[in-house]
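**Student:** There's a structure below that I have some questions on.
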Amino acid sequence: MAKFVIAGRADCPYYAKAELLADYLQKNLPDFRIHKITQHPEVWEEWLKGVCEMNKWSHKNSPIIWRELLDRGGKSLLLGGYNEFLEHAQLYYGVTSSMTTQLMMVIAQENLRAHIEKEQEEEALKGLINPLQVWITSASAPACYNLIPILTSGEVFGMHTEISIILFDNERAEERLKTLVMETQELASRVLRSVSICTKVEEAFRQAHVVIVLDDSTDQEVFSLEDCIRSRVPLCRLYGYLIEKNAHDSVRVIVGGKTFVNLKTVLLMRYAPNIAHNIIAVALGVEGEAKALLARKLKTTPAYIKDVIIWGNISGNNYVDLRKTRVYRYESAIWGPLPYSRPVLNLIFDSDWVKRESVAILKNLTATGKQFGGILAAHSIATTLKYWYHGSPPGEIVSLGVLSEGQFGIPEGIVFSMPVKFENGTWVVLTDLKDIEISEKIMTRMTSDLIQEKLVALGDVINFQPYQSGRKSSMYFDIAADEEKDLAMSDAVDFLGMIPQNMSEKPLNQESINDFEGKTVEPS
């Protein structure tokens, strides 16, 4: 019996021609058998090199065809490529191929689509066998309680991806976590493989695919802004070390909350440098607050408002940019089909509301974090994760805190909220947006505090020195360039839930682990 193996690049027209010829021979010859292998174009060359090295062959093109001599113990004998297979079929079986070039190209594209679909099915099956490991830190916080039902609904990772949720907190929170585990199990979610508790620091983040970092809070008193900033360092250093040590190589880390979000993100990047590109900060909460405020003013639904851009410090000095913001399905004298939208700034005629009242409202929300409760925090994190895995809506602008590489004139090395889109499992900063330039004065104010936070946290500066200017307010809407002088931001920072600890760059040891396990964590 003759068994031939035909392997090729999934989009190769010559593989398509050899495949159909082999199918014909197998159908009409009782002792002729074939085995077909396709590889994605991106991995074909590496795969071919490995096969040739293993069998000591020399072959560089697609397809590669060899014969397995079953009567000699299965030893493989290289036949060659498409031309050699065609000559072999014509010489031994009197059969040739008359397929046109156009048909070869059509079948090659069909093969590529079929190969991609097969890969996706295999990945889905792997997800069922090996569930996605989702770790949630500070799991006794209210945001976790609201986050779990969304994660287990199947909307975030997909209905074909099973997940295992691990709730990570210290031993003081264990009883609350046990109650949360029971309630989670009672959801009877079809995508939830398991839910468990971890209170041992050395076991944290083992094989984690996703790490969700929530606000860690305490009832301990704090005395200064510098203490608040430095208190972020030990825990971020511990998390960074454990994530690099224990988590999966492709782990994705998402930082949420309402206190020092940018700072915690940049510290995690510092202490987990090998996965820094996969650490992001959630800005959709601030975006949601702005959309809701605009919707109340316009008497519409917040979901109909798109493309609000949040610049800067997610939990501090930021800039709500409405220059690209549009409202859909707005009831007015001008009406259009579903895709029709209108610029928000063309519909708000009360300039005093835009400049003063809305600024005061958003200032209060950012400074106190009163509106940024468990529901909003959970929804913002879940939506960001969903976009990260499945892509953001086409054409829609999303705000995200990422490490600056100098885009838009932002200094490098700080985490800064900016406009992005999600696609193919990652994000892309929208540097090609037009008419979103930010003045030097505004940029300096936003970046100054972020730089100061980082310097104080790392011990390069002892005292925090906020940016000084004239009038102060919290967040503001961009109306026009000549009105920028009427707009400013505040230095308001939320001090809730901070832990005054001494900042230290010493290596992690058992004392650091014990400090975490003995810390009292109360829900915010």
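Residue numbering restarts at 1 for every chain of the structure tokens, chains are lettered A, B, ... in their displayed order, and ligands are numbered from 1 as they appear.
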Out of stretch 227-348 of chain A, which residues get helix (DSSP H, G or I) from DSSP, as a PyMOL selection string?

**Tutor:** chain A and resi 227-230+232-246+261-271+273-278+284-298+302-304+344-346

**Student:** Which residues are near A:Glu45? Cut-off 9 Å, only C-alpha atoms, ignore same chain within fewer than 5 positions. Put them as a compact mmCIF listing (two decimals) with all heavy atoms, in the first residue's frame.

**Tutor:**
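Result file is around27.txt:
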```txt
# COMPACT_ATOMS: atom_id res chain seq x y z
N ARG A 9 1.38 25.18 2.58
CA ARG A 9 0.84 26.42 3.11
C ARG A 9 -0.65 26.49 2.77
O ARG A 9 -1.05 26.16 1.65
CB ARG A 9 1.58 27.60 2.49
CG ARG A 9 1.62 28.85 3.33
CD ARG A 9 2.46 29.94 2.68
NE ARG A 9 1.91 30.33 1.39
CZ ARG A 9 2.54 30.20 0.24
NH1 ARG A 9 3.76 29.69 0.20
NH2 ARG A 9 1.96 30.58 -0.89
N GLY A 50 11.45 22.61 10.52
CA GLY A 50 11.50 21.57 11.54
C GLY A 50 11.35 20.18 10.96
O GLY A 50 12.05 19.24 11.38
N LYS A 60 12.36 23.68 0.27
CA LYS A 60 12.11 25.06 0.68
C LYS A 60 10.75 25.62 0.27
O LYS A 60 10.39 26.70 0.70
CB LYS A 60 13.20 25.98 0.13
CG LYS A 60 14.59 25.68 0.66
CD LYS A 60 15.61 26.66 0.12
CE LYS A 60 17.00 26.37 0.69
NZ LYS A 60 18.01 27.32 0.16
N ASN A 61 10.00 24.92 -0.57
CA ASN A 61 8.77 25.49 -1.11
C ASN A 61 7.54 24.70 -0.67
O ASN A 61 7.65 23.61 -0.11
CB ASN A 61 8.84 25.54 -2.64
CG ASN A 61 9.99 26.38 -3.15
OD1 ASN A 61 10.25 27.45 -2.62
ND2 ASN A 61 10.70 25.89 -4.15
```

**Student:** Report as a Markdown table the residues of stretch 195-303 of chain A within 9 Å of stretch 163-174 of chain A, each with its shortest atom pair and distance in Å (one decimal), using only C-alpha atoms, ordered by chain and increasing residue number.

**Tutor:**
```
| residue | atom | partner | partner_atom | distance |
| --- | --- | --- | --- | --- |
| A:Val195 | CA | A:Ile165 | CA | 4.7 |
| A:Ser196 | CA | A:Ile166 | CA | 4.9 |
| A:Ile197 | CA | A:Leu167 | CA | 4.8 |
| A:Cys198 | CA | A:Phe168 | CA | 4.9 |
| A:Thr199 | CA | A:Asn170 | CA | 5.0 |
| A:Lys200 | CA | A:Asn170 | CA | 7.5 |
| A:Val201 | CA | A:Asn170 | CA | 8.2 |
| A:Ala204 | CA | A:Phe168 | CA | 7.2 |
| A:Phe205 | CA | A:Ile166 | CA | 8.6 |
```

**Student:** For A:Leu187, find every residue with an atom within 10 Å (counting only C-alpha atoms), except residues of its own chain fewer than 5 positions away, and show them as a PDB file with N, CA, C and O atoms, in the first residue's frame.

**Tutor:**
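This went into out_20.pdb:
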```pdb
ATOM      1  N   ILE A 148     -18.372  39.442  39.237  1.00  0.00           N
ATOM      2  CA  ILE A 148     -18.495  38.004  39.002  1.00  0.00           C
ATOM      3  C   ILE A 148     -19.686  37.639  38.117  1.00  0.00           C
ATOM      4  O   ILE A 148     -19.539  36.837  37.182  1.00  0.00           O
ATOM      5  N   PRO A 149     -20.898  38.179  38.353  1.00  0.00           N
ATOM      6  CA  PRO A 149     -22.012  37.815  37.463  1.00  0.00           C
ATOM      7  C   PRO A 149     -21.764  38.173  35.996  1.00  0.00           C
ATOM      8  O   PRO A 149     -22.231  37.459  35.097  1.00  0.00           O
ATOM      9  N   THR A 152     -19.246  35.559  34.524  1.00  0.00           N
ATOM     10  CA  THR A 152     -19.831  34.223  34.360  1.00  0.00           C
ATOM     11  C   THR A 152     -21.005  34.210  33.387  1.00  0.00           C
ATOM     12  O   THR A 152     -21.582  33.151  33.138  1.00  0.00           O
ATOM     13  N   SER A 153     -21.359  35.362  32.829  1.00  0.00           N
ATOM     14  CA  SER A 153     -22.468  35.415  31.870  1.00  0.00           C
ATOM     15  C   SER A 153     -22.069  34.927  30.487  1.00  0.00           C
ATOM     16  O   SER A 153     -22.930  34.638  29.661  1.00  0.00           O
ATOM     17  N   MET A 182     -19.908  30.528  47.469  1.00  0.00           N
ATOM     18  CA  MET A 182     -21.193  29.825  47.465  1.00  0.00           C
ATOM     19  C   MET A 182     -22.200  30.520  46.549  1.00  0.00           C
ATOM     20  O   MET A 182     -22.896  29.859  45.759  1.00  0.00           O
ATOM     21  N   LEU A 192     -18.685  28.633  33.816  1.00  0.00           N
ATOM     22  CA  LEU A 192     -17.853  28.620  35.027  1.00  0.00           C
ATOM     23  C   LEU A 192     -17.446  27.191  35.369  1.00  0.00           C
ATOM     24  O   LEU A 192     -18.275  26.366  35.743  1.00  0.00           O
TER      25      LEU A 192
END
```

**Student:** How many Å separate atom CA of A:Ala377 from atom CA of A:Gly256?

**Tutor:** 6.9 Å

**Student:** Could you list, as a PyMOL selection string, every residue within 12 Å of stretch 241-243 of chain A, counting only C-alpha atoms and ignoring same-chain residues fewer than 4 positions away?

**Tutor:** chain A and resi 135+137+200-213+234-237+247-253+267-276+278-279+507-509+512-513

**Student:** Could you take the residues named above and write them with C-alpha atoms, as a tab-separated table (two decimals), in the first residue's frame?

**Tutor:**
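Writing done, so here's part-v1.tsv:
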```
chain	number	residue	atom	x	y	z
A	135	TRP	CA	-7.59	35.93	39.28
A	137	THR	CA	-7.22	40.68	43.78
A	200	LYS	CA	-1.48	32.27	50.52
A	201	VAL	CA	0.74	34.84	48.84
A	202	GLU	CA	3.29	32.33	47.51
A	203	GLU	CA	0.50	30.59	45.54
A	204	ALA	CA	-0.92	33.77	44.03
A	205	PHE	CA	-1.47	34.03	40.27
A	206	ARG	CA	-0.43	30.44	39.46
A	207	GLN	CA	-1.02	29.89	35.72
A	208	ALA	CA	-3.14	33.04	35.59
A	209	HIS	CA	-4.37	34.08	32.15
A	210	VAL	CA	-6.13	37.19	33.45
A	211	VAL	CA	-5.36	39.23	36.58
A	212	ILE	CA	-7.88	41.86	37.65
A	213	VAL	CA	-6.40	44.32	40.17
A	234	PRO	CA	5.09	47.39	48.42
A	235	LEU	CA	1.91	45.75	47.17
A	236	CYS	CA	2.62	46.56	43.51
A	237	ARG	CA	6.16	45.23	43.91
A	247	ALA	CA	1.37	33.56	35.90
A	248	HIS	CA	1.04	32.30	32.34
A	249	ASP	CA	3.48	33.85	29.86
A	250	SER	CA	0.63	35.57	28.01
A	251	VAL	CA	-1.13	36.86	31.15
A	252	ARG	CA	-3.23	40.00	30.78
A	253	VAL	CA	-3.34	42.39	33.73
A	267	LEU	CA	4.48	50.39	39.22
A	268	LEU	CA	3.23	46.96	38.13
A	269	MET	CA	4.97	47.52	34.80
A	270	ARG	CA	8.17	48.38	36.63
A	271	TYR	CA	8.11	45.27	38.81
A	272	ALA	CA	6.85	42.92	36.07
A	273	PRO	CA	8.83	44.22	33.06
A	274	ASN	CA	8.48	41.04	30.99
A	275	ILE	CA	4.72	41.43	30.72
A	276	ALA	CA	4.54	45.25	30.86
A	278	ASN	CA	0.05	43.36	28.74
A	279	ILE	CA	-0.79	45.68	31.66
A	507	PRO	CA	14.15	42.37	47.28
A	508	LEU	CA	11.05	40.45	48.23
A	509	ASN	CA	11.43	38.09	51.15
A	512	SER	CA	7.12	41.00	52.71
A	513	ILE	CA	4.80	38.05	52.22
```

**Student:** List the spatial neighbours of A:Ile410 as number ranges by chain - criterion: any atom at most 12 Å away, only C-alpha atoms, same-chain residues fewer than 6 positions off excluded.

**Tutor:** A: 311-312, 402-404, 416-418, 431, 437-440, 442-448, 450-451

**Student:** Would you mind listing what lies within 12 Å of A:Lys118 as a PyMOL selection string, with only C-alpha atoms counted and same-chain residues fewer than 5 positions away left out?

**Tutor:** chain A and resi 10+38-40+111-113+123-125

**Student:** Kindly export the residues of the current selection with N, CA, C and O atoms, as an mmCIF file, in the first residue's frame.

**Tutor:**
```cif
data_model
loop_
_atom_site.group_PDB
_atom_site.id
_atom_site.type_symbol
_atom_site.label_atom_id
_atom_site.label_comp_id
_atom_site.auth_asym_id
_atom_site.auth_seq_id
_atom_site.Cartn_x
_atom_site.Cartn_y
_atom_site.Cartn_z
ATOM 1 N N ALA A 10 -1.466 26.913 3.715
ATOM 2 C CA ALA A 10 -2.919 26.840 3.532
ATOM 3 C C ALA A 10 -3.402 27.633 2.325
ATOM 4 O O ALA A 10 -4.416 27.270 1.718
ATOM 5 N N THR A 38 -2.135 21.053 6.491
ATOM 6 C CA THR A 38 -2.019 22.469 6.115
ATOM 7 C C THR A 38 -1.483 23.261 7.301
ATOM 8 O O THR A 38 -1.759 22.935 8.454
ATOM 9 N N GLN A 39 -0.731 24.290 6.990
ATOM 10 C CA GLN A 39 -0.187 25.183 8.012
ATOM 11 C C GLN A 39 -0.514 26.620 7.635
ATOM 12 O O GLN A 39 -0.542 26.976 6.453
ATOM 13 N N HIS A 40 -0.733 27.439 8.658
ATOM 14 C CA HIS A 40 -1.005 28.852 8.409
ATOM 15 C C HIS A 40 0.214 29.496 7.745
ATOM 16 O O HIS A 40 1.364 29.144 8.070
ATOM 17 N N ASN A 111 -9.139 26.908 1.005
ATOM 18 C CA ASN A 111 -8.322 26.126 1.947
ATOM 19 C C ASN A 111 -7.887 26.980 3.138
ATOM 20 O O ASN A 111 -7.886 26.517 4.290
ATOM 21 N N LEU A 112 -7.501 28.229 2.872
ATOM 22 C CA LEU A 112 -7.056 29.113 3.953
ATOM 23 C C LEU A 112 -8.197 29.397 4.923
ATOM 24 O O LEU A 112 -8.014 29.339 6.145
ATOM 25 N N ARG A 113 -9.373 29.694 4.387
ATOM 26 C CA ARG A 113 -10.523 29.941 5.261
ATOM 27 C C ARG A 113 -10.866 28.711 6.093
ATOM 28 O O ARG A 113 -11.151 28.810 7.295
ATOM 29 N N GLU A 123 -9.000 25.857 19.118
ATOM 30 C CA GLU A 123 -8.758 26.733 20.257
ATOM 31 C C GLU A 123 -9.952 26.736 21.211
ATOM 32 O O GLU A 123 -9.787 26.770 22.433
ATOM 33 N N ALA A 124 -11.167 26.686 20.629
ATOM 34 C CA ALA A 124 -12.364 26.637 21.467
ATOM 35 C C ALA A 124 -12.399 25.353 22.287
ATOM 36 O O ALA A 124 -12.751 25.362 23.470
ATOM 37 N N LEU A 125 -11.993 24.242 21.668
ATOM 38 C CA LEU A 125 -11.970 22.964 22.381
ATOM 39 C C LEU A 125 -10.919 22.980 23.488
ATOM 40 O O LEU A 125 -11.135 22.458 24.581
#
```

**Student:** Just to confirm, what's the straight-line distance from atom CA of A:Lys306 to atom CA of A:Thr161 in Å (one decimal)?

**Tutor:** 29.1 Å

**Student:** Closest to A:Leu293 among A:Leu20, A:Leu86, A:Val134, A:Ile361, using only C-alpha atoms?

**Tutor:**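 Ranking A:Leu20, A:Leu86, A:Val134, A:Ile361 by distance to A:Leu293, first place goes to A:Ile361.
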
**Student:** Output as a VMD selection string all residues of stretch 17-266 of chain A that backbone DSSP marks as strand (DSSP E or B).

**Tutor:** chain A and resid 32 to 39 64 to 69 75 to 80 132 to 137 163 to 168 192 to 198 210 to 213 252 to 255
